[in-house]
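Source file: entry27.cif (mmCIF, C-alpha atoms and all ligand atoms)
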```cif
data_start
#
loop_
_atom_site.label_atom_id
_atom_site.label_comp_id
_atom_site.auth_asym_id
_atom_site.auth_seq_id
_atom_site.Cartn_x
_atom_site.Cartn_y
_atom_site.Cartn_z
CA MET A 199 32.63 -33.01 21.06
CA ALA A 200 34.60 -32.61 24.30
CA ASP A 201 34.79 -29.17 25.90
CA PRO A 202 37.98 -27.19 25.30
CA ASP A 203 40.60 -27.59 28.00
CA PRO A 204 41.05 -24.08 29.48
CA PHE A 205 44.56 -25.05 30.60
CA ALA A 206 45.58 -25.92 27.03
CA VAL A 207 45.91 -22.29 25.95
CA SER A 208 48.18 -21.95 22.95
CA LEU A 209 50.10 -18.68 23.20
CA ARG A 210 51.52 -17.04 20.08
CA GLY A 211 53.01 -13.66 19.23
CA SER A 212 49.59 -12.62 18.01
CA THR A 213 47.69 -13.72 21.14
CA ARG A 214 45.63 -10.93 22.72
CA VAL A 215 46.12 -11.06 26.47
CA ALA A 216 43.44 -10.04 28.96
CA ALA A 217 43.71 -10.18 32.73
CA VAL A 218 41.91 -10.29 36.04
CA ILE A 219 43.38 -8.21 38.86
CA GLY A 220 42.71 -8.65 42.56
CA SER A 221 44.22 -9.44 45.92
CA PRO A 222 43.97 -12.26 46.68
CA VAL A 223 43.35 -13.47 43.13
CA GLY A 224 44.60 -17.06 43.26
CA HIS A 225 41.09 -18.45 43.86
CA SER A 226 39.60 -16.56 40.87
CA ARG A 227 37.64 -18.65 38.38
CA SER A 228 37.88 -15.92 35.73
CA PRO A 229 40.83 -17.55 33.89
CA LEU A 230 38.94 -20.86 33.69
CA LEU A 231 35.77 -19.19 32.45
CA ALA A 232 37.38 -16.81 29.99
CA ASN A 233 39.88 -19.24 28.48
CA ALA A 234 37.15 -21.83 27.98
CA ALA A 235 35.08 -19.17 26.18
CA PHE A 236 38.03 -18.01 24.04
CA GLN A 237 38.84 -21.57 22.96
CA ALA A 238 35.23 -22.47 22.25
CA ALA A 239 34.98 -19.38 20.00
CA GLY A 240 38.33 -20.10 18.31
CA LEU A 241 39.68 -16.75 19.51
CA ASP A 242 43.43 -16.12 19.75
CA TRP A 243 42.97 -14.66 23.24
CA ALA A 244 44.14 -15.69 26.73
CA LEU A 245 43.28 -14.41 30.20
CA VAL A 246 45.70 -14.51 33.11
CA ALA A 247 45.41 -13.51 36.77
CA PHE A 248 47.60 -10.80 38.29
CA GLU A 249 47.97 -10.33 42.03
CA VAL A 250 47.85 -6.54 42.40
CA ARG A 251 48.53 -5.11 45.85
CA PRO A 252 45.83 -2.99 47.53
CA GLY A 253 46.30 0.61 46.40
CA ASP A 254 48.00 -0.35 43.11
CA GLY A 255 44.85 -0.44 40.95
CA ALA A 256 45.83 2.75 39.08
CA GLN A 257 49.18 1.21 38.16
CA ALA A 258 47.40 -1.88 36.83
CA VAL A 259 45.29 0.35 34.56
CA ALA A 260 48.48 2.11 33.39
CA ALA A 261 49.93 -1.32 32.64
CA MET A 262 46.81 -2.19 30.64
CA ARG A 263 47.48 0.84 28.46
CA ALA A 264 51.21 0.19 28.16
CA LEU A 265 50.81 -3.51 27.37
CA SER A 266 47.67 -3.09 25.23
CA LEU A 267 45.86 -5.71 27.26
CA GLY A 268 42.62 -6.66 25.52
CA GLY A 269 40.47 -6.29 28.63
CA LEU A 270 40.64 -6.25 32.39
CA MET A 271 38.37 -7.89 34.96
CA VAL A 272 38.59 -6.20 38.33
CA THR A 273 37.95 -7.84 41.69
CA MET A 274 38.41 -6.79 45.30
CA PRO A 275 39.99 -4.56 46.49
CA HIS A 276 40.38 -2.54 43.26
CA LYS A 277 36.79 -1.98 42.09
CA VAL A 278 36.80 1.63 43.29
CA ASP A 279 40.43 2.68 43.04
CA VAL A 280 40.74 1.94 39.29
CA ILE A 281 38.07 4.54 38.48
CA ALA A 282 40.28 7.64 38.65
CA SER A 283 42.56 6.16 35.95
CA LEU A 284 39.82 5.46 33.40
CA ASP A 285 38.63 7.72 30.58
CA ARG A 286 34.93 7.01 31.05
CA LEU A 287 32.40 4.94 32.98
CA THR A 288 29.15 3.34 31.82
CA PRO A 289 25.99 4.68 33.53
CA VAL A 290 25.79 1.65 35.82
CA ALA A 291 29.43 1.93 36.90
CA THR A 292 28.85 5.65 37.54
CA ALA A 293 25.78 4.93 39.67
CA LEU A 294 27.53 2.19 41.66
CA GLY A 295 30.91 3.91 41.93
CA ALA A 296 32.48 0.50 41.27
CA VAL A 297 33.99 -1.18 38.21
CA ASN A 298 34.39 -4.91 37.59
CA SER A 299 35.31 -4.78 33.90
CA ILE A 300 37.41 -2.47 31.72
CA ALA A 301 37.21 -2.40 27.92
CA TRP A 302 38.69 -0.38 25.10
CA GLU A 303 36.47 1.95 23.09
CA GLY A 304 38.82 3.28 20.43
CA THR A 305 41.72 4.70 22.41
CA GLU A 306 39.67 5.16 25.60
CA LEU A 307 39.39 2.84 28.57
CA VAL A 308 35.80 2.47 29.76
CA GLY A 309 34.84 1.03 33.15
CA ASP A 310 31.68 -1.04 33.44
CA ASN A 311 29.95 -3.08 36.11
CA THR A 312 28.47 -6.32 34.78
CA ASP A 313 27.62 -8.03 38.10
CA GLY A 314 23.95 -7.04 38.38
CA ALA A 315 23.30 -7.39 34.66
CA GLY A 316 24.93 -10.82 34.88
CA LEU A 317 22.48 -11.88 37.57
CA VAL A 318 19.46 -10.65 35.62
CA ALA A 319 20.69 -12.33 32.42
CA SER A 320 21.26 -15.56 34.34
CA LEU A 321 17.80 -15.45 35.95
CA ARG A 322 16.16 -14.89 32.58
CA SER A 323 18.08 -17.43 30.53
CA ASP A 324 18.98 -20.14 33.06
CA SER A 325 15.96 -20.06 35.39
CA GLY A 326 13.19 -18.53 33.25
CA VAL A 327 12.67 -15.81 35.88
CA ASP A 328 12.16 -12.23 34.69
CA PRO A 329 12.46 -9.70 37.55
CA ALA A 330 9.99 -7.36 35.78
CA SER A 331 7.03 -6.67 38.12
CA LEU A 332 8.41 -8.91 40.87
CA ARG A 333 8.60 -8.03 44.56
CA CYS A 334 12.25 -8.50 45.43
CA VAL A 335 14.22 -8.65 48.67
CA VAL A 336 17.97 -8.18 48.61
CA LEU A 337 19.88 -9.30 51.70
CA GLY A 338 23.08 -7.30 52.13
CA ALA A 339 24.24 -3.88 50.98
CA GLY A 340 27.86 -4.41 49.92
CA GLY A 341 29.27 -4.21 46.39
CA ALA A 342 27.40 -7.25 45.05
CA ALA A 343 24.11 -6.21 46.65
CA ARG A 344 24.31 -2.70 45.23
CA SER A 345 24.89 -3.97 41.70
CA VAL A 346 21.93 -6.34 42.09
CA VAL A 347 19.63 -3.62 43.47
CA TRP A 348 20.46 -1.35 40.52
CA ALA A 349 19.93 -4.15 37.98
CA LEU A 350 16.61 -5.32 39.47
CA ALA A 351 15.22 -1.79 39.26
CA ASP A 352 16.61 -1.46 35.73
CA ALA A 353 14.87 -4.73 34.82
CA GLY A 354 11.50 -3.35 35.99
CA ALA A 355 11.08 -4.93 39.44
CA ALA A 356 7.96 -3.69 41.23
CA ASP A 357 9.63 -3.41 44.65
CA VAL A 358 13.24 -3.79 45.83
CA ALA A 359 13.51 -4.05 49.62
CA VAL A 360 17.05 -4.07 51.05
CA LEU A 361 17.75 -5.78 54.39
CA ASN A 362 21.19 -5.30 55.90
CA ARG A 363 22.89 -5.60 59.27
CA THR A 364 24.10 -2.00 58.96
CA ARG A 365 21.05 0.17 58.25
CA GLY A 366 22.96 3.15 56.82
CA LYS A 367 24.37 0.96 54.05
CA ALA A 368 20.89 -0.43 53.33
CA GLU A 369 19.66 3.14 52.78
CA VAL A 370 22.48 3.84 50.31
CA ALA A 371 21.82 0.60 48.44
CA ALA A 372 18.03 1.06 48.34
CA ALA A 373 18.45 4.54 46.84
CA LEU A 374 20.07 2.92 43.79
CA ALA A 375 16.68 1.44 42.88
CA GLY A 376 15.07 4.90 42.70
CA GLY A 377 11.31 4.91 43.21
CA VAL A 378 11.01 1.13 43.71
CA GLY A 379 13.80 0.91 46.32
CA ARG A 380 13.35 0.98 50.08
CA VAL A 381 14.89 -0.33 53.28
CA GLY A 382 13.05 -3.53 54.12
CA LEU A 383 12.08 -5.49 57.21
CA SER A 384 12.28 -9.24 57.75
CA GLY A 385 8.48 -9.25 57.42
CA ASP A 386 8.96 -8.48 53.72
CA LEU A 387 10.45 -11.92 53.12
CA ALA A 388 7.19 -13.90 53.26
CA GLY A 389 5.58 -11.76 50.55
CA ALA A 390 8.59 -11.61 48.22
CA ASP A 391 8.65 -13.31 44.82
CA LEU A 392 12.44 -13.15 44.50
CA ILE A 393 14.92 -13.22 47.40
CA ILE A 394 18.63 -12.70 46.78
CA ASN A 395 21.30 -13.32 49.37
CA ALA A 396 24.11 -10.87 48.65
CA THR A 397 25.68 -11.13 52.10
CA SER A 398 28.76 -13.25 52.57
CA ILE A 399 26.90 -15.52 55.02
CA GLY A 400 27.25 -19.14 53.86
CA MET A 401 30.59 -18.58 52.15
CA GLY A 402 32.92 -21.50 52.75
CA ALA A 403 30.28 -23.43 54.73
CA ASP A 404 30.92 -27.16 54.61
CA ILE A 405 28.65 -29.29 52.44
CA GLY A 406 26.10 -30.86 54.77
CA ASP A 407 26.39 -27.99 57.22
CA SER A 408 22.95 -26.81 58.39
CA GLY A 409 23.93 -23.17 58.89
CA PRO A 410 24.54 -20.28 59.10
CA LEU A 411 21.58 -18.68 57.33
CA PRO A 412 21.02 -15.03 56.40
CA LEU A 413 17.26 -15.30 57.08
CA ASP A 414 14.62 -17.27 58.99
CA PRO A 415 13.76 -20.20 56.66
CA ALA A 416 10.23 -20.38 58.10
CA LEU A 417 9.51 -17.25 56.01
CA LEU A 418 10.21 -19.12 52.75
CA GLY A 419 7.69 -21.11 50.77
CA PRO A 420 6.45 -22.39 47.40
CA GLY A 421 6.29 -19.85 44.57
CA GLN A 422 9.41 -18.02 45.73
CA VAL A 423 12.77 -17.99 43.96
CA VAL A 424 15.76 -17.84 46.31
CA VAL A 425 19.14 -16.92 44.83
CA ASP A 426 22.39 -17.24 46.77
CA LEU A 427 25.22 -15.18 45.25
CA VAL A 428 27.63 -17.25 47.33
CA TYR A 429 28.92 -19.89 44.90
CA SER A 430 31.53 -21.61 47.02
CA PRO A 431 30.11 -23.95 48.13
CA ARG A 432 27.59 -24.21 45.31
CA HIS A 433 24.86 -25.81 47.44
CA THR A 434 24.75 -23.42 50.38
CA PRO A 435 22.79 -23.93 53.61
CA LEU A 436 20.36 -21.22 52.39
CA LEU A 437 19.67 -23.04 49.11
CA ARG A 438 19.09 -26.31 50.96
CA ALA A 439 16.71 -24.56 53.38
CA ALA A 440 14.87 -22.92 50.44
CA ALA A 441 14.41 -26.27 48.69
CA ASP A 442 13.21 -27.88 51.94
CA ARG A 443 10.52 -25.18 52.21
CA GLY A 444 9.34 -25.67 48.61
CA ALA A 445 10.99 -22.52 47.18
CA THR A 446 13.08 -22.64 43.99
CA PRO A 447 16.82 -22.46 44.78
CA VAL A 448 19.22 -20.76 42.32
CA ASP A 449 22.98 -20.84 42.91
CA GLY A 450 25.49 -18.05 42.26
CA LEU A 451 27.41 -19.70 39.42
CA GLY A 452 24.99 -18.40 36.77
CA MET A 453 25.73 -14.81 37.75
CA LEU A 454 29.45 -15.52 37.75
CA VAL A 455 29.26 -16.97 34.23
CA HIS A 456 27.02 -14.27 32.76
CA GLN A 457 28.94 -11.31 34.21
CA ALA A 458 32.15 -12.75 32.71
CA ALA A 459 30.42 -13.44 29.39
CA LEU A 460 29.28 -9.80 29.20
CA SER A 461 32.91 -8.67 29.59
CA ILE A 462 34.17 -11.11 26.98
CA GLN A 463 31.51 -10.04 24.50
CA ARG A 464 32.42 -6.39 25.03
CA TRP A 465 36.14 -7.05 24.55
CA THR A 466 35.96 -9.38 21.56
CA GLY A 467 32.62 -8.67 19.89
CA VAL A 468 31.95 -12.41 19.99
CA THR A 469 29.06 -14.07 21.84
CA ALA A 470 30.52 -16.27 24.56
CA ASP A 471 29.43 -19.92 24.81
CA LEU A 472 27.61 -19.87 28.15
CA ALA A 473 27.26 -23.65 28.42
CA VAL A 474 31.00 -24.19 27.96
CA MET A 475 31.72 -21.47 30.53
CA ALA A 476 29.25 -22.96 33.02
CA ARG A 477 30.90 -26.37 32.75
CA ALA A 478 34.33 -24.78 33.23
CA ALA A 479 33.03 -22.93 36.31
CA ARG A 480 31.71 -26.14 37.85
CA ASP A 481 34.98 -28.08 37.37
P1 LIG B 1 30.91 -6.98 50.76
O1 LIG B 1 30.93 -5.74 49.95
O2 LIG B 1 31.97 -7.24 51.77
O3 LIG B 1 29.48 -7.04 51.51
C1 LIG B 1 29.19 -8.05 52.44
C2 LIG B 1 27.74 -7.91 52.91
O4 LIG B 1 27.47 -9.01 53.79
C3 LIG B 1 27.44 -6.65 53.72
O5 LIG B 1 26.14 -6.22 53.45
C4 LIG B 1 27.57 -7.14 55.16
O6 LIG B 1 26.80 -6.39 56.08
C5 LIG B 1 27.00 -8.52 55.05
N1 LIG B 1 27.47 -9.42 56.09
C6 LIG B 1 28.71 -10.00 56.16
N2 LIG B 1 28.77 -10.78 57.26
C7 LIG B 1 27.56 -10.71 57.87
C8 LIG B 1 27.01 -11.28 59.04
N3 LIG B 1 27.73 -12.11 59.80
N4 LIG B 1 25.74 -11.00 59.37
C9 LIG B 1 24.99 -10.16 58.58
N5 LIG B 1 25.47 -9.57 57.47
C10 LIG B 1 26.74 -9.84 57.13
O7 LIG B 1 30.92 -8.27 49.82
P2 LIG B 1 30.39 -8.39 48.30
O8 LIG B 1 31.49 -8.14 47.36
O9 LIG B 1 29.14 -7.58 48.19
O10 LIG B 1 30.06 -9.96 48.20
C11 LIG B 1 28.97 -10.53 48.93
C12 LIG B 1 28.83 -12.00 48.54
O11 LIG B 1 28.44 -12.09 47.17
C13 LIG B 1 30.12 -12.81 48.67
O12 LIG B 1 29.79 -14.08 49.18
C14 LIG B 1 30.63 -12.93 47.25
O13 LIG B 1 31.39 -14.11 47.04
C15 LIG B 1 29.32 -13.00 46.49
N6 LIG B 1 29.43 -12.56 45.10
C16 LIG B 1 29.05 -13.42 44.13
C17 LIG B 1 29.11 -13.05 42.81
C18 LIG B 1 28.67 -14.02 41.74
O14 LIG B 1 28.98 -13.79 40.56
N7 LIG B 1 27.93 -15.05 42.11
C19 LIG B 1 29.59 -11.77 42.45
C20 LIG B 1 29.99 -10.90 43.47
C21 LIG B 1 29.90 -11.31 44.80
P3 LIG B 1 27.33 -5.00 56.71
O15 LIG B 1 27.07 -3.94 55.68
O16 LIG B 1 26.51 -4.81 57.93
O17 LIG B 1 28.79 -5.18 56.99
#
```

Since I need it in another form, could you write the structure as structure tokens?
Ligand code: NAP
Amino acid sequence: MADPDPFAVSLRGSTRVAAVIGSPVGHSRSPLLANAAFQAAGLDWALVAFEVRPGDGAQAVAAMRALSLGGLMVTMPHKVDVIASLDRLTPVATALGAVNSIAWEGTELVGDNTDGAGLVASLRSDSGVDPASLRCVVLGAGGAARSVVWALADAGAADVAVLNRTRGKAEVAAALAGGVGRVGLSGDLAGADLIINATSIGMGADIGDSGPLPLDPALLGPGQVVVDLVYSPRHTPLLRAAADRGATPVDGLGMLVHQAALSIQRWTGVTADLAVMARAARD
């Protein structure tokens, strides 16, 4: 059977509307992913994107209450400024001080952060890689890196070394992994089992481009898994370099799909069809 067409959303008076807010938000793949999942599950739901100006995150949360939106995905630059308007945060959102998903629990709005859990779920189910007991290196210390550091420690990683251009931010990120977190050195790369690029290096690089890279590819080799959170382009210079060196490349689309699926499951109580969502994300 053909996949549902995420553009063929049928809106009725009963349709539950969810939204993604951000600025800019026009490039967001969340509507494609979510609407494909809603249709595949036969849910009378639809997700739309709202451009919300920087500083207006609190008003968007107020609108969610007023309009009874079914759920809210939150992207830059609102991941922090929505927090003051919520009733509660999950432990991970509290630890990270950043929210990417808002759900109703009764009459309360609860902020969550599904990015890191989305990566771990994707590694386990799409790549057969369980971070438990692995030596991990995370490149970068921004919002995505911090969620990944927290989730790797939560998943039982043996060591989470954070490498970042700005050392102070690496220290903050590494602390999120508790006893297994530390600021790393480039020398840690050769001994790592799992390397995750959570910097924005490689974003928008042309297909066929040989650079830029967030690390020295000579430090990569067989037996390593190299994940690039950058998903546009899908085949980044880092992933090509990793494959050339015999490491296993993993692109960022899996994380994108799984973090959205976790939100959808929380909002609707229905298990999202990951394969349908992945195909929608690739289109
Ligand atoms: P962010 O908060 O702005 O952090 C960017 C990070 O990249 C910082 O650590 C920054 O270092 C580093 N960086 C940027 N330019 C650099 C350069 N030229 N040299 C060295 N380091 C550099 O961004 P973010 O929200 O964490 O997102 C990071 C990447 O992850 C983006 O490409 C984003 O698209 C991707 N992402 C993917 C998913 C997914 O589902 N696959 C989810 C979220 C994010 P400094 O601290 O020194 O500035």

Original post:
Nearest to ligand LIG 1 (chain B): which of A:Pro289, A:Gly382, A:Gly268, A:Gly366 is it, counting only C-alpha atoms and all ligand atoms?
Top reply: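 Among A:Pro289, A:Gly382, A:Gly268, A:Gly366, it is A:Gly366 that comes nearest to ligand LIG 1 (chain B).
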
Where is the centre and how long are the edges: axis-aligned box on ligand LIG 1 (chain B), 6 Å on each side, Å to one decimal, as JSON:
```
{"center_x": 28.5, "center_y": -9.5, "center_z": 50.2, "size_x": 19.0, "size_y": 23.1, "size_z": 31.2}
```

**OP:** For ligand LIG 1 (chain B), list the contacting residues at 6 Å or closer, counting all atoms listed in the file, as JSON, numbers by chain.
**Re:** {"A": [338, 339, 340, 341, 342, 343, 362, 363, 364, 367, 396, 397, 398, 399, 401, 427, 428, 429, 450, 451, 453, 454]}

**OP:** May I ask which of the residues A:Ala372, A:Ala315, A:Leu460, A:Leu361 is the closest one to A:Leu472, counting all atoms listed in the file?
**Re:**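 Residue with the minimum atom-to-atom distance to A:Leu472: A:Leu460.
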
**OP:** May I ask for the distance between atom CA of A:Thr292 and atom CA of A:Gly309, given in Å to one decimal place?
**Re:** 8.7 Å

**OP:** Between atom CA of A:Ile281 and atom CA of A:Val336, measure the distance and give it in Å to one decimal.
**Re:**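 Result for atom CA of A:Ile281 versus atom CA of A:Val336: 25.9 Å, one decimal.
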
Original post:
If we count all atoms listed in the file, what is near stretch 436-440 of chain A at a cut-off of 7 Å, once residues fewer than 5 positions away on the same chain are taken out, given as an MDAnalysis selection string?
Top reply: chainID A and resid 411 415 418 424 426 445:447

Generate N, CA and C atoms for stretch 323-358 of chain A and emit them as a PDB file, keeping the file's coordinate frame.
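Final output, selection-v2.pdb:
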```pdb
ATOM      1  N   SER A 323      17.770 -16.356  31.487  1.00  0.00           N
ATOM      2  CA  SER A 323      18.080 -17.430  30.530  1.00  0.00           C
ATOM      3  C   SER A 323      18.255 -18.792  31.192  1.00  0.00           C
ATOM      4  N   ASP A 324      18.744 -18.835  32.429  1.00  0.00           N
ATOM      5  CA  ASP A 324      18.980 -20.140  33.060  1.00  0.00           C
ATOM      6  C   ASP A 324      17.780 -20.612  33.882  1.00  0.00           C
ATOM      7  N   SER A 325      17.037 -19.666  34.469  1.00  0.00           N
ATOM      8  CA  SER A 325      15.960 -20.060  35.390  1.00  0.00           C
ATOM      9  C   SER A 325      14.584 -19.664  34.899  1.00  0.00           C
ATOM     10  N   GLY A 326      14.505 -18.944  33.769  1.00  0.00           N
ATOM     11  CA  GLY A 326      13.190 -18.530  33.250  1.00  0.00           C
ATOM     12  C   GLY A 326      12.490 -17.557  34.174  1.00  0.00           C
ATOM     13  N   VAL A 327      13.263 -16.780  34.942  1.00  0.00           N
ATOM     14  CA  VAL A 327      12.670 -15.810  35.880  1.00  0.00           C
ATOM     15  C   VAL A 327      12.995 -14.407  35.383  1.00  0.00           C
ATOM     16  N   ASP A 328      11.948 -13.621  35.086  1.00  0.00           N
ATOM     17  CA  ASP A 328      12.160 -12.230  34.690  1.00  0.00           C
ATOM     18  C   ASP A 328      11.794 -11.340  35.885  1.00  0.00           C
ATOM     19  N   PRO A 329      12.748 -10.539  36.370  1.00  0.00           N
ATOM     20  CA  PRO A 329      12.460  -9.700  37.550  1.00  0.00           C
ATOM     21  C   PRO A 329      11.378  -8.642  37.322  1.00  0.00           C
ATOM     22  N   ALA A 330      11.009  -8.388  36.056  1.00  0.00           N
ATOM     23  CA  ALA A 330       9.990  -7.360  35.780  1.00  0.00           C
ATOM     24  C   ALA A 330       8.736  -7.646  36.593  1.00  0.00           C
ATOM     25  N   SER A 331       8.259  -6.637  37.307  1.00  0.00           N
ATOM     26  CA  SER A 331       7.030  -6.670  38.120  1.00  0.00           C
ATOM     27  C   SER A 331       7.133  -7.529  39.374  1.00  0.00           C
ATOM     28  N   LEU A 332       8.295  -8.069  39.666  1.00  0.00           N
ATOM     29  CA  LEU A 332       8.410  -8.910  40.870  1.00  0.00           C
ATOM     30  C   LEU A 332       8.706  -8.082  42.109  1.00  0.00           C
ATOM     31  N   ARG A 333       8.240  -8.608  43.261  1.00  0.00           N
ATOM     32  CA  ARG A 333       8.600  -8.030  44.560  1.00  0.00           C
ATOM     33  C   ARG A 333       9.880  -8.716  45.016  1.00  0.00           C
ATOM     34  N   CYS A 334      10.932  -7.926  45.175  1.00  0.00           N
ATOM     35  CA  CYS A 334      12.250  -8.500  45.430  1.00  0.00           C
ATOM     36  C   CYS A 334      12.772  -8.067  46.804  1.00  0.00           C
ATOM     37  N   VAL A 335      13.485  -8.982  47.446  1.00  0.00           N
ATOM     38  CA  VAL A 335      14.220  -8.650  48.670  1.00  0.00           C
ATOM     39  C   VAL A 335      15.680  -8.950  48.428  1.00  0.00           C
ATOM     40  N   VAL A 336      16.530  -7.969  48.708  1.00  0.00           N
ATOM     41  CA  VAL A 336      17.970  -8.180  48.610  1.00  0.00           C
ATOM     42  C   VAL A 336      18.549  -8.144  50.016  1.00  0.00           C
ATOM     43  N   LEU A 337      19.235  -9.228  50.389  1.00  0.00           N
ATOM     44  CA  LEU A 337      19.880  -9.300  51.700  1.00  0.00           C
ATOM     45  C   LEU A 337      21.327  -8.866  51.525  1.00  0.00           C
ATOM     46  N   GLY A 338      21.726  -7.820  52.247  1.00  0.00           N
ATOM     47  CA  GLY A 338      23.080  -7.300  52.130  1.00  0.00           C
ATOM     48  C   GLY A 338      23.069  -5.965  51.421  1.00  0.00           C
ATOM     49  N   ALA A 339      24.154  -5.211  51.595  1.00  0.00           N
ATOM     50  CA  ALA A 339      24.240  -3.880  50.980  1.00  0.00           C
ATOM     51  C   ALA A 339      25.677  -3.570  50.571  1.00  0.00           C
ATOM     52  N   GLY A 340      26.489  -4.608  50.365  1.00  0.00           N
ATOM     53  CA  GLY A 340      27.860  -4.410  49.920  1.00  0.00           C
ATOM     54  C   GLY A 340      27.905  -4.253  48.405  1.00  0.00           C
ATOM     55  N   GLY A 341      29.091  -4.441  47.827  1.00  0.00           N
ATOM     56  CA  GLY A 341      29.270  -4.210  46.390  1.00  0.00           C
ATOM     57  C   GLY A 341      28.347  -5.070  45.546  1.00  0.00           C
ATOM     58  N   ALA A 342      28.238  -6.360  45.858  1.00  0.00           N
ATOM     59  CA  ALA A 342      27.400  -7.250  45.050  1.00  0.00           C
ATOM     60  C   ALA A 342      25.929  -6.861  45.192  1.00  0.00           C
ATOM     61  N   ALA A 343      25.512  -6.582  46.421  1.00  0.00           N
ATOM     62  CA  ALA A 343      24.110  -6.210  46.650  1.00  0.00           C
ATOM     63  C   ALA A 343      23.750  -4.951  45.883  1.00  0.00           C
ATOM     64  N   ARG A 344      24.630  -3.962  45.911  1.00  0.00           N
ATOM     65  CA  ARG A 344      24.310  -2.700  45.230  1.00  0.00           C
ATOM     66  C   ARG A 344      24.157  -2.905  43.725  1.00  0.00           C
ATOM     67  N   SER A 345      25.009  -3.733  43.149  1.00  0.00           N
ATOM     68  CA  SER A 345      24.890  -3.970  41.700  1.00  0.00           C
ATOM     69  C   SER A 345      23.580  -4.699  41.390  1.00  0.00           C
ATOM     70  N   VAL A 346      23.177  -5.592  42.288  1.00  0.00           N
ATOM     71  CA  VAL A 346      21.930  -6.340  42.090  1.00  0.00           C
ATOM     72  C   VAL A 346      20.716  -5.419  42.243  1.00  0.00           C
ATOM     73  N   VAL A 347      20.746  -4.558  43.245  1.00  0.00           N
ATOM     74  CA  VAL A 347      19.630  -3.620  43.470  1.00  0.00           C
ATOM     75  C   VAL A 347      19.441  -2.750  42.227  1.00  0.00           C
ATOM     76  N   TRP A 348      20.533  -2.223  41.705  1.00  0.00           N
ATOM     77  CA  TRP A 348      20.460  -1.350  40.520  1.00  0.00           C
ATOM     78  C   TRP A 348      19.865  -2.135  39.340  1.00  0.00           C
ATOM     79  N   ALA A 349      20.355  -3.362  39.149  1.00  0.00           N
ATOM     80  CA  ALA A 349      19.930  -4.150  37.980  1.00  0.00           C
ATOM     81  C   ALA A 349      18.474  -4.593  38.097  1.00  0.00           C
ATOM     82  N   LEU A 350      18.017  -4.915  39.311  1.00  0.00           N
ATOM     83  CA  LEU A 350      16.610  -5.320  39.470  1.00  0.00           C
ATOM     84  C   LEU A 350      15.687  -4.156  39.128  1.00  0.00           C
ATOM     85  N   ALA A 351      16.041  -2.958  39.591  1.00  0.00           N
ATOM     86  CA  ALA A 351      15.220  -1.790  39.260  1.00  0.00           C
ATOM     87  C   ALA A 351      15.267  -1.538  37.754  1.00  0.00           C
ATOM     88  N   ASP A 352      16.449  -1.675  37.179  1.00  0.00           N
ATOM     89  CA  ASP A 352      16.610  -1.460  35.730  1.00  0.00           C
ATOM     90  C   ASP A 352      15.781  -2.473  34.935  1.00  0.00           C
ATOM     91  N   ALA A 353      15.621  -3.667  35.504  1.00  0.00           N
ATOM     92  CA  ALA A 353      14.870  -4.730  34.820  1.00  0.00           C
ATOM     93  C   ALA A 353      13.363  -4.612  35.051  1.00  0.00           C
ATOM     94  N   GLY A 354      12.933  -3.596  35.826  1.00  0.00           N
ATOM     95  CA  GLY A 354      11.500  -3.350  35.990  1.00  0.00           C
ATOM     96  C   GLY A 354      10.858  -4.008  37.190  1.00  0.00           C
ATOM     97  N   ALA A 355      11.665  -4.348  38.221  1.00  0.00           N
ATOM     98  CA  ALA A 355      11.080  -4.930  39.440  1.00  0.00           C
ATOM     99  C   ALA A 355      10.055  -3.959  40.027  1.00  0.00           C
ATOM    100  N   ALA A 356       9.015  -4.536  40.658  1.00  0.00           N
ATOM    101  CA  ALA A 356       7.960  -3.690  41.230  1.00  0.00           C
ATOM    102  C   ALA A 356       8.407  -3.091  42.558  1.00  0.00           C
ATOM    103  N   ASP A 357       9.243  -3.827  43.296  1.00  0.00           N
ATOM    104  CA  ASP A 357       9.630  -3.410  44.650  1.00  0.00           C
ATOM    105  C   ASP A 357      10.983  -4.039  44.950  1.00  0.00           C
ATOM    106  N   VAL A 358      11.921  -3.252  45.461  1.00  0.00           N
ATOM    107  CA  VAL A 358      13.240  -3.790  45.830  1.00  0.00           C
ATOM    108  C   VAL A 358      13.511  -3.373  47.277  1.00  0.00           C
TER     109      VAL A 358
END
```
